[in-house]
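To be precise, the following lines are model-v3.tsv, and they hold TSV, C-alpha atoms and all ligand atoms.
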chain	number	residue	atom	x	y	z
M	108	MET	CA	25.07	8.68	1.05
M	109	ALA	CA	23.51	10.05	4.24
M	110	VAL	CA	19.87	9.13	4.58
M	111	ALA	CA	18.75	12.74	4.93
M	112	SER	CA	20.07	13.51	1.47
M	113	VAL	CA	18.11	10.74	-0.20
M	114	VAL	CA	15.44	12.45	-2.22
M	115	LYS	CA	14.34	11.73	-5.71
M	116	GLU	CA	16.75	13.39	-8.04
M	117	ARG	CA	15.76	11.65	-11.23
M	118	PRO	CA	13.60	13.51	-13.77
M	119	GLY	CA	9.87	13.08	-13.31
M	120	HIS	CA	10.13	12.77	-9.53
M	121	ARG	CA	9.46	15.39	-6.96
M	122	ALA	CA	11.40	15.55	-3.75
M	123	ALA	CA	8.21	15.70	-1.63
M	124	ALA	CA	6.38	12.47	-0.88
M	125	ARG	CA	3.56	11.77	-3.30
M	126	MET	CA	0.21	10.37	-2.18
M	127	PRO	CA	-2.66	9.89	-4.66
M	128	ALA	CA	-5.90	11.86	-4.51
M	129	THR	CA	-8.50	9.65	-2.84
M	130	PRO	CA	-10.46	7.50	-3.21
M	131	ALA	CA	-7.85	5.59	-5.12
M	132	LEU	CA	-7.61	2.16	-6.69
M	133	ALA	CA	-4.16	0.63	-6.15
M	134	PRO	CA	-3.63	-2.46	-8.27
M	135	SER	CA	-1.17	-4.90	-6.71
M	136	ILE	CA	0.97	-6.45	-9.41
M	137	LEU	CA	1.56	-9.64	-7.40
M	138	THR	CA	-0.65	-11.72	-9.69
M	139	ALA	CA	0.18	-9.81	-12.89
M	140	ASP	CA	2.00	-11.48	-15.80
M	141	PHE	CA	5.62	-10.54	-15.09
M	142	GLY	CA	6.59	-11.48	-18.63
M	143	HIS	CA	4.41	-8.63	-19.88
M	144	LEU	CA	4.57	-6.25	-16.98
M	145	ALA	CA	4.69	-3.11	-19.12
M	146	ASP	CA	1.41	-4.08	-20.83
M	147	GLU	CA	-0.22	-5.06	-17.54
M	148	ILE	CA	0.71	-1.75	-15.94
M	149	ALA	CA	-0.39	0.31	-18.94
M	150	ALA	CA	-3.73	-1.52	-18.99
M	151	ALA	CA	-4.43	-0.98	-15.28
M	152	GLU	CA	-3.45	2.67	-15.64
M	153	ALA	CA	-5.81	3.10	-18.59
M	154	GLY	CA	-8.54	1.50	-16.46
M	155	GLY	CA	-8.25	4.10	-13.71
M	156	ALA	CA	-5.46	3.02	-11.34
M	157	LYS	CA	-4.20	5.98	-9.30
M	158	LEU	CA	-1.09	4.28	-7.95
M	159	PHE	CA	0.56	0.86	-7.95
M	160	HIS	CA	0.96	-1.35	-4.90
M	161	LEU	CA	4.19	-3.36	-4.81
M	162	ASP	CA	4.44	-6.29	-2.40
M	163	VAL	CA	7.91	-6.95	-1.03
M	164	MET	CA	8.20	-10.30	0.80
M	165	ASP	CA	11.29	-11.77	2.45
M	166	GLY	CA	10.49	-15.42	3.10
M	167	HIS	CA	10.81	-14.78	6.86
M	168	PHE	CA	8.04	-12.49	8.03
M	169	VAL	CA	5.82	-14.06	5.37
M	170	PRO	CA	6.22	-17.45	3.68
M	171	ASN	CA	6.91	-16.09	0.21
M	172	LEU	CA	9.62	-14.23	-1.70
M	173	THR	CA	8.89	-11.53	-4.24
M	174	MET	CA	10.75	-8.46	-5.40
M	175	GLY	CA	13.56	-6.17	-4.33
M	176	PRO	CA	14.58	-2.60	-5.19
M	177	LEU	CA	15.72	-3.60	-8.70
M	178	VAL	CA	12.20	-4.58	-9.72
M	179	VAL	CA	10.73	-1.47	-8.08
M	180	GLU	CA	13.16	0.62	-10.11
M	181	ALA	CA	12.13	-1.16	-13.32
M	182	ILE	CA	8.45	-0.53	-12.56
M	183	ASP	CA	9.20	3.10	-11.79
M	184	ARG	CA	10.38	3.46	-15.38
M	185	LEU	CA	7.06	2.05	-16.65
M	186	THR	CA	4.68	4.50	-14.98
M	187	ASP	CA	4.42	8.04	-13.65
M	188	LEU	CA	1.87	7.01	-11.02
M	189	PRO	CA	2.98	6.89	-7.38
M	190	LEU	CA	4.51	3.61	-6.21
M	191	ASP	CA	3.27	2.25	-2.90
M	192	VAL	CA	5.79	-0.22	-1.51
M	193	HIS	CA	4.44	-2.64	1.12
M	194	LEU	CA	7.37	-4.10	3.04
M	195	MET	CA	6.47	-7.51	4.45
M	196	ILE	CA	10.00	-8.02	5.72
M	197	GLU	CA	11.84	-8.33	9.00
M	198	GLN	CA	14.12	-5.45	10.05
M	199	PRO	CA	12.61	-3.11	7.47
M	200	ASP	CA	14.86	-0.18	8.48
M	201	ARG	CA	17.73	-1.88	6.68
M	202	TYR	CA	15.99	-1.53	3.32
M	203	VAL	CA	13.94	1.68	3.49
M	204	GLU	CA	16.61	3.85	1.88
M	205	ARG	CA	17.14	1.43	-1.00
M	206	PHE	CA	13.45	1.26	-1.83
M	207	ALA	CA	13.15	5.04	-1.63
M	208	ARG	CA	16.02	5.39	-4.07
M	209	ALA	CA	14.39	2.84	-6.34
M	210	GLY	CA	11.35	5.09	-6.70
M	211	ALA	CA	8.99	4.30	-3.80
M	212	ASP	CA	6.66	7.23	-3.09
M	213	MET	CA	4.90	5.54	-0.18
M	214	ILE	CA	6.53	2.95	2.08
M	215	SER	CA	4.71	0.89	4.69
M	216	VAL	CA	6.27	-1.36	7.31
M	217	HIS	CA	4.46	-3.88	9.49
M	218	GLN	CA	3.94	-2.97	13.13
M	219	GLU	CA	4.63	-6.63	13.84
M	220	THR	CA	8.20	-6.29	12.53
M	221	ALA	CA	9.09	-2.74	13.62
M	222	PRO	CA	9.52	-2.26	17.40
M	223	HIS	CA	10.81	1.34	17.11
M	224	LEU	CA	8.06	2.80	14.99
M	225	HIS	CA	8.76	6.51	15.49
M	226	ARG	CA	12.33	5.95	14.32
M	227	THR	CA	11.25	3.91	11.30
M	228	VAL	CA	8.56	6.40	10.32
M	229	GLN	CA	11.03	9.28	10.55
M	230	LEU	CA	13.51	7.31	8.45
M	231	ILE	CA	10.90	6.85	5.71
M	232	ARG	CA	10.12	10.57	5.79
M	233	ASP	CA	13.80	11.52	5.70
M	234	CYS	CA	14.14	9.37	2.59
M	235	GLY	CA	11.45	11.45	0.86
M	236	ALA	CA	8.61	8.89	0.96
M	237	ALA	CA	5.22	8.95	2.68
M	238	PRO	CA	5.25	6.66	5.74
M	239	GLY	CA	2.58	4.08	6.49
M	240	VAL	CA	2.22	1.28	9.02
M	241	ALA	CA	0.54	-2.01	8.14
M	242	LEU	CA	-1.40	-4.16	10.59
M	243	ASN	CA	-2.15	-7.85	10.21
M	244	PRO	CA	-5.83	-8.77	10.53
M	245	ALA	CA	-5.37	-9.96	14.15
M	246	THR	CA	-3.41	-6.89	15.31
M	247	PRO	CA	-5.69	-4.34	17.03
M	248	ILE	CA	-5.68	-0.72	15.85
M	249	GLY	CA	-4.94	0.41	19.42
M	250	VAL	CA	-1.24	-0.41	18.92
M	251	LEU	CA	-1.05	2.74	16.78
M	252	ASP	CA	-2.67	5.11	19.30
M	253	GLU	CA	0.59	6.89	20.11
M	254	ILE	CA	1.74	7.30	16.52
M	255	LEU	CA	-1.40	7.74	14.44
M	256	PRO	CA	-1.00	11.49	13.68
M	257	ASP	CA	2.58	10.88	12.49
M	258	LEU	CA	1.47	8.48	9.77
M	259	ASP	CA	0.43	9.42	6.25
M	260	TYR	CA	-1.52	6.17	6.05
M	261	VAL	CA	-2.46	3.00	7.88
M	262	LEU	CA	-2.58	-0.18	5.82
M	263	LEU	CA	-5.18	-2.58	7.22
M	264	MET	CA	-4.51	-6.10	5.98
M	265	SER	CA	-7.72	-7.97	5.23
M	266	VAL	CA	-5.91	-11.27	4.62
M	267	ASN	CA	-2.85	-12.71	6.34
M	268	PRO	CA	-0.03	-11.37	4.21
M	269	GLY	CA	2.00	-13.63	1.94
M	270	PHE	CA	-0.06	-14.42	-1.11
M	271	GLY	CA	-2.47	-12.89	-3.59
M	272	GLY	CA	-5.89	-14.36	-4.22
M	273	GLN	CA	-6.92	-15.05	-0.61
M	274	ARG	CA	-10.40	-14.48	0.79
M	275	PHE	CA	-11.28	-11.19	2.52
M	276	ILE	CA	-11.58	-11.59	6.32
M	277	PRO	CA	-15.00	-10.04	7.11
M	278	SER	CA	-14.14	-8.68	10.59
M	279	VAL	CA	-11.77	-6.19	8.96
M	280	MET	CA	-14.82	-4.22	7.77
M	281	THR	CA	-15.60	-3.14	11.36
M	282	LYS	CA	-11.90	-2.48	11.94
M	283	VAL	CA	-11.94	-0.02	9.02
M	284	ALA	CA	-14.97	1.74	10.49
M	285	ALA	CA	-13.38	1.88	13.95
M	286	LEU	CA	-10.15	3.36	12.60
M	287	ARG	CA	-12.16	5.89	10.56
M	288	ARG	CA	-13.96	7.02	13.74
M	289	ARG	CA	-10.68	7.32	15.63
M	290	LEU	CA	-9.11	9.39	12.86
M	291	ASP	CA	-12.13	11.64	12.46
M	292	GLU	CA	-12.32	12.25	16.22
M	293	SER	CA	-8.63	13.16	16.40
M	294	GLY	CA	-8.70	15.29	13.26
M	295	ALA	CA	-5.68	13.39	11.86
M	296	LYS	CA	-5.35	13.46	8.08
M	297	THR	CA	-4.00	9.88	8.00
M	298	LYS	CA	-5.44	7.82	5.12
M	299	ILE	CA	-6.76	4.28	5.41
M	300	GLU	CA	-5.57	1.68	2.90
M	301	VAL	CA	-7.12	-1.81	2.77
M	302	ASP	CA	-5.25	-4.73	1.26
M	303	GLY	CA	-6.29	-8.32	0.60
M	304	GLY	CA	-9.29	-9.95	-1.03
M	305	VAL	CA	-10.68	-6.60	-2.23
M	306	GLY	CA	-12.97	-6.85	-5.24
M	307	PRO	CA	-16.33	-5.83	-6.71
M	308	ASP	CA	-18.25	-7.47	-3.84
M	309	ASN	CA	-16.74	-5.44	-1.02
M	310	ILE	CA	-15.08	-2.33	-2.48
M	311	VAL	CA	-18.17	-0.12	-2.07
M	312	ALA	CA	-18.75	-1.17	1.56
M	313	LEU	CA	-15.07	-0.62	2.34
M	314	ARG	CA	-15.26	2.89	0.96
M	315	GLU	CA	-18.50	3.59	2.82
M	316	ASN	CA	-16.88	2.45	6.04
M	317	GLY	CA	-13.99	4.84	5.58
M	318	ALA	CA	-11.27	3.34	3.37
M	319	ASP	CA	-9.36	5.77	1.11
M	320	ILE	CA	-6.98	3.54	-0.86
M	321	LEU	CA	-8.14	0.12	-2.02
M	322	VAL	CA	-5.56	-2.42	-3.07
M	323	ALA	CA	-6.75	-5.02	-5.57
M	324	GLY	CA	-4.49	-7.77	-6.89
M	325	SER	CA	-6.30	-10.75	-8.35
M	326	ALA	CA	-9.47	-8.68	-8.90
M	327	VAL	CA	-7.48	-6.71	-11.51
M	328	PHE	CA	-4.82	-9.13	-12.72
M	329	ASP	CA	-6.44	-12.50	-13.29
M	330	GLY	CA	-5.07	-13.11	-16.77
M	331	ARG	CA	-8.03	-11.67	-18.61
M	332	ASP	CA	-8.90	-7.98	-18.93
M	333	PRO	CA	-6.93	-5.83	-16.45
M	334	LYS	CA	-8.13	-2.59	-18.05
M	335	GLY	CA	-11.79	-3.60	-17.84
M	336	ARG	CA	-11.39	-4.99	-14.30
M	337	ALA	CA	-9.67	-1.83	-13.10
M	338	ARG	CA	-12.27	0.34	-14.78
M	339	THR	CA	-15.14	-1.49	-13.05
M	340	LEU	CA	-13.50	-1.23	-9.63
M	341	ALA	CA	-12.51	2.42	-10.11
M	342	ALA	CA	-16.07	3.29	-11.14
M	343	LEU	CA	-17.56	1.53	-8.09
M	344	LEU	CA	-15.11	3.39	-5.89
M	345	GLU	CA	-15.88	6.79	-7.40
M	346	ARG	CA	-19.61	6.30	-6.91
M	347	ALA	CA	-19.40	5.08	-3.32
M	348	ARG	CA	-19.81	7.66	-0.57
M	349	ARG	CA	-17.68	7.61	2.55
M	350	ARG	CA	-19.90	7.84	5.64
M	401	LIG	C1	-0.85	-9.97	0.31
M	401	LIG	C2	-0.45	-8.69	-0.37
M	401	LIG	C3	-1.55	-8.08	-1.15
M	401	LIG	C4	-2.02	-8.94	-2.28
M	401	LIG	C5	-3.40	-8.57	-2.68
M	401	LIG	O1	0.16	-10.39	1.16
M	401	LIG	O2	-0.04	-7.74	0.59
M	401	LIG	O3	-1.19	-6.79	-1.62
M	401	LIG	O4	-1.21	-8.83	-3.41
M	401	LIG	O5	-3.86	-9.51	-3.59
M	401	LIG	P1	-5.40	-9.88	-3.65
M	401	LIG	O6	-6.13	-8.63	-4.00
M	401	LIG	O7	-5.46	-10.92	-4.71
M	401	LIG	O8	-5.80	-10.38	-2.28
M	402	ZN	ZN	0.18	-5.61	-0.12
In C-alpha cells, write the structure found in this file.
Ligand code: DX5
Ligand code: ZN
Amino acid sequence: MAVASVVKERPGHRAAARMPATPALAPSILTADFGHLADEIAAAEAGGAKLFHLDVMDGHFVPNLTMGPLVVEAIDRLTDLPLDVHLMIEQPDRYVERFARAGADMISVHQETAPHLHRTVQLIRDCGAAPGVALNPATPIGVLDEILPDLDYVLLMSVNPGFGGQRFIPSVMTKVAALRRRLDESGAKTKIEVDGGVGPDNIVALRENGADILVAGSAVFDGRDPKGRARTLAALLERARRR
C-alpha cells in the first residue's frame, strides 16, 4: 500500500499522530519481564505512565537485538497509551511504514543513521506518526539546526544506546538546557525527550532543565514493584517545575 495511505484504521486509533500531554513518564519495557508483559504494562500504567517507550535494536547500529513490528503490534493490543518507538537501526526508512502500521504513535530515528533527515521525517509524518530524531550523547545538538521546527520531538540519549541499566552521562544535563534555550528562542513547539539512566536521582533536575518526556527503563522495571516505581517517578515529575 502507498505510504501516504498508511494511517491507523484499527478501532481505538486516531489517524492523527498522538503525543502525550507533558510532562510525561515513558517507561521503557526493555528490562520488563517479557513473560508477563501484560501485567508489567498494566502496572506501569496504573502507576502513572503516559506512554510506553519501545526500543528497537538491529545488532548493527547498536550491539543488541530486540523487537520488531510484531512485538509492537502485540503491545499495542495491551494498552491504549501512545507507543513511542525508538529505532536504533541502520537504514530506518525501510521499516518506518511497518512500525507505523504496527501501532507506533511516535517514531524516532537516529541522526547518526539517517543522512536524509527531511525525507525520513516526512515519511514518518506521512505514515501518521509523530516524528522525532534521536542524538547519541556525543552528537552535538547543532546538527539539528536546520530541521528543529519540523520535529515533534528530539530524543537526547543520556547513555550510549544498546542496553538498559546503564549510568546517566552527566554532561547531557547541560545539553538538555541548551536545547531548551534554542527551542524557546525559536518558538518551536518541539518536545525534548531524555532516555538512558533516568531515575529518582535526576528526573527532577532533567525536568527543571527543560525535558518534557522522561524515559525510564530499569528505574521502573527492576523485577519488584513497577506500579510503585512508576508512581514515585510520575509524582516527582509532576511536582518539578520547568525553568
Ligand atoms: C537504551 C534504550 C533506553 C533504555 C533505557 O539503548 O534506548 O530506552 O531502555 O533504560 P534505562 O532507563 O535502564 O537506562
Ligand atoms: Zn530508548
Query - All residues 12 Å or closer to M:Gly249, only C-alpha atoms, same chain fewer than 5 positions away omitted, as a ChimeraX atom specification - result: /M:218,242,254-255,282,285-286,289-290
**Report entry** Selection within 7 Å of ligand ZN 402 (chain M) by only C-alpha atoms and all ligand atoms, output as a VMD selection string
**Finding:** chain M and resid 135 160 to 162 193 302
Query raised in the report: Which is closer to M:Asp191 than all the others in M:Asp329, M:Asp252, M:Glu300, M:Asp319, using all atoms listed in the file?
Result: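 Between M:Asp329, M:Asp252, M:Glu300, M:Asp319, the residue approaching M:Asp191 most closely is M:Glu300.
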Using only C-alpha atoms and all ligand atoms, I'd like a table of the residues in chain M that come within 7 Å of ligand LIG 401 (chain M); for each, show the closest atom pair and its distance in Å rounded to one decimal, ordered by chain and ascending number, as a tab-separated table.
residue	atom	partner	partner_atom	distance
M:Ser135	CA	M:LIG401	O4	5.1
M:Ile136	CA	M:LIG401	O4	6.8
M:Leu137	CA	M:LIG401	O4	4.9
M:Thr138	CA	M:LIG401	O4	6.9
M:His160	CA	M:LIG401	O3	6.7
M:Asp162	CA	M:LIG401	O2	5.6
M:His193	CA	M:LIG401	O2	6.8
M:Val266	CA	M:LIG401	C1	6.8
M:Asn267	CA	M:LIG401	O1	6.4
M:Pro268	CA	M:LIG401	O1	3.2
M:Gly269	CA	M:LIG401	O1	3.8
M:Phe270	CA	M:LIG401	O1	4.6
M:Gly271	CA	M:LIG401	O5	3.7
M:Gly272	CA	M:LIG401	O7	3.5
M:Gln273	CA	M:LIG401	O8	5.1
M:Arg274	CA	M:LIG401	O8	6.9
M:Asp302	CA	M:LIG401	O3	5.4
M:Gly303	CA	M:LIG401	O8	3.6
M:Gly304	CA	M:LIG401	O8	3.7
M:Val305	CA	M:LIG401	O6	5.3
M:Val322	CA	M:LIG401	O6	6.3
M:Ala323	CA	M:LIG401	O6	4.0
M:Gly324	CA	M:LIG401	O6	3.4
M:Ser325	CA	M:LIG401	O7	3.7
M:Ala326	CA	M:LIG401	O6	5.9
File of the preceding selection, C-alpha atoms, as a CSV table (one decimal), in the coordinates of the input:
chain,number,residue,atom,x,y,z
M,135,SER,CA,-1.2,-4.9,-6.7
M,136,ILE,CA,1.0,-6.4,-9.4
M,137,LEU,CA,1.6,-9.6,-7.4
M,138,THR,CA,-0.6,-11.7,-9.7
M,160,HIS,CA,1.0,-1.4,-4.9
M,162,ASP,CA,4.4,-6.3,-2.4
M,193,HIS,CA,4.4,-2.6,1.1
M,266,VAL,CA,-5.9,-11.3,4.6
M,267,ASN,CA,-2.8,-12.7,6.3
M,268,PRO,CA,0.0,-11.4,4.2
M,269,GLY,CA,2.0,-13.6,1.9
M,270,PHE,CA,-0.1,-14.4,-1.1
M,271,GLY,CA,-2.5,-12.9,-3.6
M,272,GLY,CA,-5.9,-14.4,-4.2
M,273,GLN,CA,-6.9,-15.0,-0.6
M,274,ARG,CA,-10.4,-14.5,0.8
M,302,ASP,CA,-5.2,-4.7,1.3
M,303,GLY,CA,-6.3,-8.3,0.6
M,304,GLY,CA,-9.3,-10.0,-1.0
M,305,VAL,CA,-10.7,-6.6,-2.2
M,322,VAL,CA,-5.6,-2.4,-3.1
M,323,ALA,CA,-6.8,-5.0,-5.6
M,324,GLY,CA,-4.5,-7.8,-6.9
M,325,SER,CA,-6.3,-10.8,-8.4
M,326,ALA,CA,-9.5,-8.7,-8.9
Report task. Would you mind telling me which residue in M:Met280, M:Leu172, M:Met126, M:Leu194 lies nearest to M:Asp212 when using all atoms listed in the file? Result ->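 Closest candidate: M:Met126.
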Query - Spatial neighbours of M:Ala209, max dist 9 Å, all atoms listed in the file, sep filter under 3 positions, as a VMD selection string - result: chain M and resid 115 176 to 181 183 204 to 206
Take the residues that were just selected and, keeping C-alpha atoms, output them as a compact mmCIF listing (two decimals), keeping the file's coordinate frame.
# COMPACT_ATOMS: atom_id res chain seq x y z
CA LYS M 115 14.34 11.73 -5.71
CA PRO M 176 14.58 -2.60 -5.19
CA LEU M 177 15.72 -3.60 -8.70
CA VAL M 178 12.20 -4.58 -9.72
CA VAL M 179 10.73 -1.47 -8.08
CA GLU M 180 13.16 0.62 -10.11
CA ALA M 181 12.13 -1.16 -13.32
CA ASP M 183 9.20 3.10 -11.79
CA GLU M 204 16.61 3.85 1.88
CA ARG M 205 17.14 1.43 -1.00
CA PHE M 206 13.45 1.26 -1.83
Query raised in the report: Please, what distance in Å, to one decimal, runs between atom CA of M:Ala145 and atom CA of M:Lys334?
Result: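 Between these atoms lies a distance of 12.9 Å.
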